[in-house]
Structures are given as C-alpha cells and as structure tokens.
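One file, input-v2.pdb, carrying PDB, C-alpha atoms, pLDDT in the B column:
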ATOM      1  CA  MET K 447       0.000   0.000   0.000  1.00 54.00           C
ATOM      2  CA  PHE K 448       2.655   2.555   1.065  1.00 51.00           C
ATOM      3  CA  SER K 449       6.028   2.302  -0.544  1.00 57.00           C
ATOM      4  CA  THR K 450       9.221   2.693   1.421  1.00 57.00           C
ATOM      5  CA  LYS K 451      10.007   5.780  -0.682  1.00 55.00           C
ATOM      6  CA  LYS K 452       6.701   7.474   0.281  1.00 49.00           C
ATOM      7  CA  ILE K 453       7.212   6.711   3.964  1.00 47.00           C
ATOM      8  CA  THR K 454      10.756   8.096   3.813  1.00 50.00           C
ATOM      9  CA  VAL K 455       9.543  11.313   2.129  1.00 44.00           C
ATOM     10  CA  VAL K 456       6.743  11.771   4.688  1.00 43.00           C
ATOM     11  CA  ALA K 457       9.128  11.123   7.577  1.00 46.00           C
ATOM     12  CA  PHE K 458      11.683  13.564   6.184  1.00 45.00           C
ATOM     13  CA  ALA K 459       9.020  16.249   5.644  1.00 42.00           C
ATOM     14  CA  SER K 460       7.747  15.732   9.197  1.00 43.00           C
ATOM     15  CA  LEU K 461      11.276  16.084  10.550  1.00 40.00           C
ATOM     16  CA  LEU K 462      11.832  19.336   8.626  1.00 40.00           C
ATOM     17  CA  PHE K 463       8.523  20.681   9.916  1.00 38.00           C
ATOM     18  CA  ALA K 464       9.464  19.806  13.505  1.00 41.00           C
ATOM     19  CA  ILE K 465      12.868  21.489  13.156  1.00 42.00           C
ATOM     20  CA  ALA K 466      11.315  24.637  11.629  1.00 39.00           C
ATOM     21  CA  CYS K 467       8.774  24.847  14.438  1.00 36.00           C
ATOM     22  CA  LYS K 468      11.490  24.365  17.048  1.00 38.00           C
ATOM     23  CA  LYS K 469      13.548  27.235  15.605  1.00 35.00           C
ATOM     24  CA  GLU K 470      10.548  29.542  15.613  1.00 36.00           C
ATOM     25  CA  GLU K 471       9.863  28.800  19.279  1.00 35.00           C
ATOM     26  CA  THR K 472      13.406  29.769  20.298  1.00 37.00           C
ATOM     27  CA  ALA K 473      13.652  32.914  18.125  1.00 39.00           C
ATOM     28  CA  LYS K 474      14.454  36.065  20.079  1.00 40.00           C
ATOM     29  CA  PRO K 475      11.777  38.756  20.148  1.00 43.00           C
ATOM     30  CA  SER K 476      12.676  41.863  18.201  1.00 71.00           C
ATOM     31  CA  TYR K 477      13.502  45.066  20.033  1.00 67.00           C
ATOM     32  CA  SER K 478      10.683  47.506  20.677  1.00 71.00           C
ATOM     33  CA  PRO K 479      11.387  50.909  22.246  1.00 73.00           C
ATOM     34  CA  PRO K 480       9.247  52.396  25.034  1.00 71.00           C
ATOM     35  CA  ALA K 481       5.808  53.717  24.090  1.00 84.00           C
ATOM     36  CA  GLY K 482       5.817  57.143  22.526  1.00 93.00           C
ATOM     37  CA  SER K 483       6.752  59.105  19.435  1.00 96.00           C
ATOM     38  CA  TYR K 484      10.212  57.530  19.135  1.00 92.00           C
ATOM     39  CA  ASN K 485       8.611  54.075  19.207  1.00 91.00           C
ATOM     40  CA  LEU K 486       6.391  55.081  16.291  1.00 93.00           C
ATOM     41  CA  ILE K 487       9.381  56.418  14.345  1.00 91.00           C
ATOM     42  CA  TYR K 488      11.329  53.234  15.054  1.00 85.00           C
ATOM     43  CA  GLU K 489       8.462  50.887  14.152  1.00 87.00           C
ATOM     44  CA  LYS K 490       6.836  52.772  11.253  1.00 89.00           C
ATOM     45  CA  ILE K 491       9.813  54.521   9.666  1.00 87.00           C
ATOM     46  CA  PHE K 492      13.179  53.031  10.652  1.00 79.00           C
ATOM     47  CA  LYS K 493      12.145  49.351  10.494  1.00 77.00           C
ATOM     48  CA  THR K 494      10.254  49.694   7.207  1.00 75.00           C
ATOM     49  CA  SER K 495      12.387  52.214   5.303  1.00 71.00           C
ATOM     50  CA  CYS K 496      15.838  52.499   6.901  1.00 66.00           C
ATOM     51  CA  ALA K 497      16.951  49.499   8.975  1.00 51.00           C
ATOM     52  CA  LEU K 498      17.143  47.243   5.956  1.00 53.00           C
ATOM     53  CA  SER K 499      19.911  45.014   4.686  1.00 54.00           C
ATOM     54  CA  GLY K 500      22.436  47.097   2.788  1.00 57.00           C
ATOM     55  CA  CYS K 501      21.241  50.344   4.356  1.00 58.00           C
ATOM     56  CA  HIS K 502      21.180  50.967   8.115  1.00 57.00           C
ATOM     57  CA  ALA K 503      20.362  47.489   9.425  1.00 52.00           C
ATOM     58  CA  LYS K 504      23.296  47.441  11.820  1.00 54.00           C
ATOM     59  CA  GLU K 505      25.996  49.766  13.107  1.00 54.00           C
ATOM     60  CA  GLY K 506      28.763  50.190  10.571  1.00 49.00           C
ATOM     61  CA  ASP K 507      26.758  49.362   7.447  1.00 45.00           C
ATOM     62  CA  PHE K 508      28.517  51.435   4.797  1.00 45.00           C
ATOM     63  CA  GLY K 509      29.979  53.555   7.622  1.00 49.00           C
ATOM     64  CA  HIS K 510      26.530  54.599   8.810  1.00 60.00           C
ATOM     65  CA  HIS K 511      24.611  54.429  12.055  1.00 66.00           C
ATOM     66  CA  GLY K 512      22.590  51.282  12.548  1.00 63.00           C
ATOM     67  CA  LEU K 513      18.872  51.987  12.947  1.00 66.00           C
ATOM     68  CA  GLY K 514      17.605  48.545  13.846  1.00 66.00           C
ATOM     69  CA  ASP K 515      18.451  47.705  17.440  1.00 69.00           C
ATOM     70  CA  GLU K 516      18.196  48.730  21.082  1.00 76.00           C
ATOM     71  CA  LYS K 517      21.212  51.065  20.755  1.00 83.00           C
ATOM     72  CA  THR K 518      19.714  53.137  17.926  1.00 84.00           C
ATOM     73  CA  TYR K 519      18.326  55.899  20.123  1.00 90.00           C
ATOM     74  CA  GLN K 520      21.541  56.263  22.124  1.00 89.00           C
ATOM     75  CA  ARG K 521      23.673  56.412  18.969  1.00 86.00           C
ATOM     76  CA  LEU K 522      21.442  58.984  17.305  1.00 89.00           C
ATOM     77  CA  LEU K 523      21.556  61.322  20.280  1.00 91.00           C
ATOM     78  CA  THR K 524      25.167  60.945  21.372  1.00 88.00           C
ATOM     79  CA  GLU K 525      27.259  60.179  18.309  1.00 82.00           C
ATOM     80  CA  ASP K 526      28.279  62.639  15.638  1.00 81.00           C
ATOM     81  CA  SER K 527      27.197  62.080  12.090  1.00 82.00           C
ATOM     82  CA  HIS K 528      29.432  59.745  10.131  1.00 81.00           C
ATOM     83  CA  ASN K 529      29.273  62.153   7.174  1.00 88.00           C
ATOM     84  CA  PRO K 530      32.381  64.425   7.212  1.00 92.00           C
ATOM     85  CA  GLN K 531      30.558  67.327   5.537  1.00 94.00           C
ATOM     86  CA  ALA K 532      27.772  67.176   8.122  1.00 92.00           C
ATOM     87  CA  ARG K 533      30.306  67.111  10.970  1.00 91.00           C
ATOM     88  CA  ALA K 534      32.138  70.098   9.445  1.00 94.00           C
ATOM     89  CA  ALA K 535      28.808  71.960   9.230  1.00 93.00           C
ATOM     90  CA  GLY K 536      28.174  71.290  12.940  1.00 91.00           C
ATOM     91  CA  LEU K 537      25.282  68.901  12.417  1.00 92.00           C
ATOM     92  CA  LYS K 538      24.529  66.186  14.945  1.00 91.00           C
ATOM     93  CA  SER K 539      22.726  63.006  13.942  1.00 91.00           C
ATOM     94  CA  ILE K 540      19.866  64.410  16.028  1.00 94.00           C
ATOM     95  CA  LYS K 541      20.084  67.705  17.861  1.00 96.00           C
ATOM     96  CA  PRO K 542      17.149  67.665  20.292  1.00 97.00           C
ATOM     97  CA  GLY K 543      15.029  70.772  19.877  1.00 98.00           C
ATOM     98  CA  ASP K 544      16.608  71.742  16.535  1.00 97.00           C
ATOM     99  CA  PRO K 545      15.501  69.829  13.437  1.00 96.00           C
ATOM    100  CA  ALA K 546      17.474  72.230  11.183  1.00 94.00           C
ATOM    101  CA  LYS K 547      20.743  71.113  12.837  1.00 93.00           C
ATOM    102  CA  SER K 548      19.799  67.414  12.835  1.00 95.00           C
ATOM    103  CA  PHE K 549      21.414  65.444  10.012  1.00 92.00           C
ATOM    104  CA  LEU K 550      18.685  62.776  10.142  1.00 91.00           C
ATOM    105  CA  TYR K 551      16.096  65.436   9.390  1.00 95.00           C
ATOM    106  CA  ALA K 552      18.254  66.960   6.624  1.00 94.00           C
ATOM    107  CA  LYS K 553      18.500  63.544   4.955  1.00 91.00           C
ATOM    108  CA  ILE K 554      14.748  62.869   4.962  1.00 92.00           C
ATOM    109  CA  SER K 555      13.609  66.429   4.156  1.00 94.00           C
ATOM    110  CA  TRP K 556      16.154  66.687   1.366  1.00 90.00           C
ATOM    111  CA  GLU K 557      14.434  69.203  -0.922  1.00 87.00           C
ATOM    112  CA  GLY K 558      13.869  71.727   1.879  1.00 84.00           C
ATOM    113  CA  SER K 559      17.225  71.252   3.588  1.00 87.00           C
ATOM    114  CA  ALA K 560      20.187  73.605   3.452  1.00 88.00           C
ATOM    115  CA  TYR K 561      22.403  70.534   3.957  1.00 88.00           C
ATOM    116  CA  GLN K 562      22.293  68.173   0.993  1.00 89.00           C
ATOM    117  CA  PHE K 563      25.287  65.988   1.808  1.00 90.00           C
ATOM    118  CA  GLY K 564      25.420  62.518   0.317  1.00 86.00           C
ATOM    119  CA  GLN K 565      22.040  61.465  -1.010  1.00 84.00           C
ATOM    120  CA  LYS K 566      18.420  61.781   0.046  1.00 86.00           C
ATOM    121  CA  MET K 567      17.180  59.100   2.405  1.00 83.00           C
ATOM    122  CA  PRO K 568      15.696  56.642   2.303  1.00 81.00           C
ATOM    123  CA  SER K 569      17.329  55.449  -0.889  1.00 77.00           C
ATOM    124  CA  GLY K 570      16.604  52.605  -3.250  1.00 72.00           C
ATOM    125  CA  GLY K 571      13.230  53.888  -4.397  1.00 68.00           C
ATOM    126  CA  LEU K 572      11.757  53.982  -0.893  1.00 77.00           C
ATOM    127  CA  LYS K 573      10.019  57.229   0.048  1.00 86.00           C
ATOM    128  CA  LEU K 574       8.742  58.787   3.226  1.00 91.00           C
ATOM    129  CA  THR K 575       5.486  60.689   3.083  1.00 94.00           C
ATOM    130  CA  ALA K 576       5.316  64.378   3.937  1.00 96.00           C
ATOM    131  CA  ASN K 577       3.412  63.338   7.079  1.00 97.00           C
ATOM    132  CA  GLN K 578       6.169  60.938   8.177  1.00 96.00           C
ATOM    133  CA  ILE K 579       8.778  63.670   7.674  1.00 96.00           C
ATOM    134  CA  GLU K 580       6.661  66.145   9.631  1.00 98.00           C
ATOM    135  CA  PHE K 581       6.248  63.613  12.451  1.00 97.00           C
ATOM    136  CA  VAL K 582      10.040  63.266  12.736  1.00 96.00           C
ATOM    137  CA  ARG K 583      10.408  67.068  12.649  1.00 97.00           C
ATOM    138  CA  GLN K 584       7.872  67.480  15.476  1.00 98.00           C
ATOM    139  CA  TRP K 585       9.593  64.807  17.551  1.00 96.00           C
ATOM    140  CA  ILE K 586      13.029  66.437  17.181  1.00 98.00           C
ATOM    141  CA  ALA K 587      11.584  69.923  17.816  1.00 98.00           C
ATOM    142  CA  ALA K 588      10.007  68.609  21.046  1.00 98.00           C
ATOM    143  CA  GLY K 589      13.405  67.444  22.317  1.00 98.00           C
ATOM    144  CA  ALA K 590      13.508  63.962  20.737  1.00 97.00           C
ATOM    145  CA  PRO K 591      12.541  62.066  23.911  1.00 97.00           C
ATOM    146  CA  GLU K 592      12.897  58.297  23.994  1.00 95.00           C
ATOM    147  CA  SER K 593       9.465  57.873  25.576  1.00 95.00           C
ATOM    148  CA  GLY K 594       6.248  59.843  25.639  1.00 95.00           C
ATOM    149  CA  HIS K 595       4.067  61.152  22.838  1.00 96.00           C
ATOM    150  CA  VAL K 596       5.231  64.563  21.618  1.00 96.00           C
ATOM    151  CA  ALA K 597       4.344  64.469  17.904  1.00 97.00           C
ATOM    152  CA  ASP K 598       0.928  64.331  16.229  1.00 97.00           C
ATOM    153  CA  GLU K 599       0.200  60.596  15.935  1.00 95.00           C
ATOM    154  CA  SER K 600      -2.500  61.178  13.310  1.00 96.00           C
ATOM    155  CA  LEU K 601       0.312  62.004  10.836  1.00 97.00           C
ATOM    156  CA  LEU K 602       1.259  58.318  10.746  1.00 93.00           C
ATOM    157  CA  LYS K 603      -2.221  56.903  10.110  1.00 89.00           C
TER     158      LYS K 603
END
Starting from the file, lay out its structure as structure tokens.
Amino acid sequence: MFSTKKITVVAFASLLFAIACKKEETAKPSYSPPAGSYNLIYEKIFKTSCALSGCHAKEGDFGHHGLGDEKTYQRLLTEDSHNPQARAAGLKSIKPGDPAKSFLYAKISWEGSAYQFGQKMPSGGLKLTANQIEFVRQWIAAGAPESGHVADESLLK
C-alpha cells in the first residue's frame, strides 16, 4: 500500500517541519522601544524604510549608524554624524530641539534642507510621506525624547 520511498519522504518532511517549528519557538523577540513618538518612528519609519539590509540594518553598514536595534536611540543622540561634511557643518545626527541642525532630518527632508550631503534618504526607491517627515520634525523639535508622545500621531495613520 505505502512504498518505502513514500514513507521516507513523509518522515523527512515531518522532521523538517518539527525542526522549523522548534527554531521559531526559540527565536528572540525583536527590540521595541518604550511607548511614545520615538517608538512610532522606530516601528513605522526606521524598520520599514531604513533598517534594511544594505542600508542601516546594523551599526557600521557602509559607515553609517545602525537603525535597527536597542542602541539606535543612544547612537542617534550621542554620536556625531558619520558624514564628514555634516560634521564640518556642525550637524549632529539628532540635535534635540533643533531639526534644522539634525542630520537625520536633513536627509529625509532633502528638498527643503540647506544641507544636501550625500544622497536623500531613504534610498533605493523607498520614500517617506510628507506626514512621516513632519512627524520626525515634530519629535526632534520637542526634544527627541525616547518615551512619551510629543508628535501628532494622526500624521502616521
């Protein structure tokens, strides 16, 4: 009725399924920042448009800041921009309270920025909406806190 070949295939498929399920159970949960405007930027902008393979997935990608882990916020607020022109112009990656002196904001609001160093972000055909850019601007203008809602959440709906 059942050939040895069929039984072997079914057994092998069952084994693969069991291994795949086992891996999924032990997978580490992804990082999620505290509730607030930064969390929304991280989840709805960085993770979908910036923290991608070949872009800013991890620290050091192409000499850039990583935007995809629990150290992202700290790096953005404490480290200088990796772009030499931005550093020479006195820009910080994020300067709390001053979007105009924040290199992140210059990169995403490219057309309206006085600082067009490198290329507009995100790259690779990805685009942020005017509302997403305005949300980031509001967050930086409000001091760029790690937690708490300081930007108009309706901009991201």
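Distance cut-off 10 Å, centre (20.5, 71.3, 6.2), atoms counted all atoms listed in the file; the residues meeting this are Ala532, Ala535, Leu537, Pro545, Ala546, Lys547, Ser548, Phe549, Leu550, Tyr551, Ala552, Lys553, Ser555, Trp556, Glu557, Gly558, Ser559, Ala560, Tyr561, Gln562 and Phe563 of chain K.
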- Atomic separation - atom CA of K:Gln531 relative to atom CA of K:Arg583, Å: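 Computing the Euclidean distance for atom CA of K:Arg583 and atom CA of K:Gln531 yields 21.4 Å.
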- Message: Need the shell around stretch 478-483 of chain K: protein/DNA/RNA residues with any atom at most 8 Å away, counting all atoms listed in the file. Skip same-chain ones fewer than 6 positions apart. Format as a PyMOL selection string?
- Response: chain K and resi 489+516+585+591-597+599
Can you report as AutoDock Vina command-line options the centre and edge lengths in Å, to one decimal, of an axis-aligned box around the listed atoms of stretch 551-569 of chain K padded with 6 Å on each side?
--center_x 19.5 --center_y 64.5 --center_z 4.2 --size_x 23.8 --size_y 30.2 --size_z 22.4
- Message: Between atom CA of K:Gly589 and atom CA of K:Asp526, what is the distance in Å, rounded to a tenth?
- Response: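 Atom CA of K:Asp526 lies 17.0 Å from atom CA of K:Gly589.
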- Expressed in Å, the length from atom CA of K:Ser569 to atom CA of K:Leu602 is 20.0 Å
- Message: What's around K:Pro542 at 8 Å? Count all atoms listed in the file, leave out sequence neighbours fewer than 4 positions away in its own chain, and write the answer as an MDAnalysis selection string.
- Response: chainID K and resid 523 548 586:590
Produce a file of the selected residues containing C-alpha atoms, as a short mmCIF file (atom, residue, chain, number, x, y, z; two decimals), in the coordinates of the input.
data_model
loop_
_atom_site.label_atom_id
_atom_site.label_comp_id
_atom_site.auth_asym_id
_atom_site.auth_seq_id
_atom_site.Cartn_x
_atom_site.Cartn_y
_atom_site.Cartn_z
CA LEU K 523 21.56 61.32 20.28
CA SER K 548 19.80 67.41 12.84
CA ILE K 586 13.03 66.44 17.18
CA ALA K 587 11.58 69.92 17.82
CA ALA K 588 10.01 68.61 21.05
CA GLY K 589 13.40 67.44 22.32
CA ALA K 590 13.51 63.96 20.74
#
- Query: Could you name the residues that touch K:Leu601 at 8 Å or less, counting only C-alpha atoms, but leaving out those on the same chain fewer than 2 positions away, as a count of residues only?
  - Reply: 7
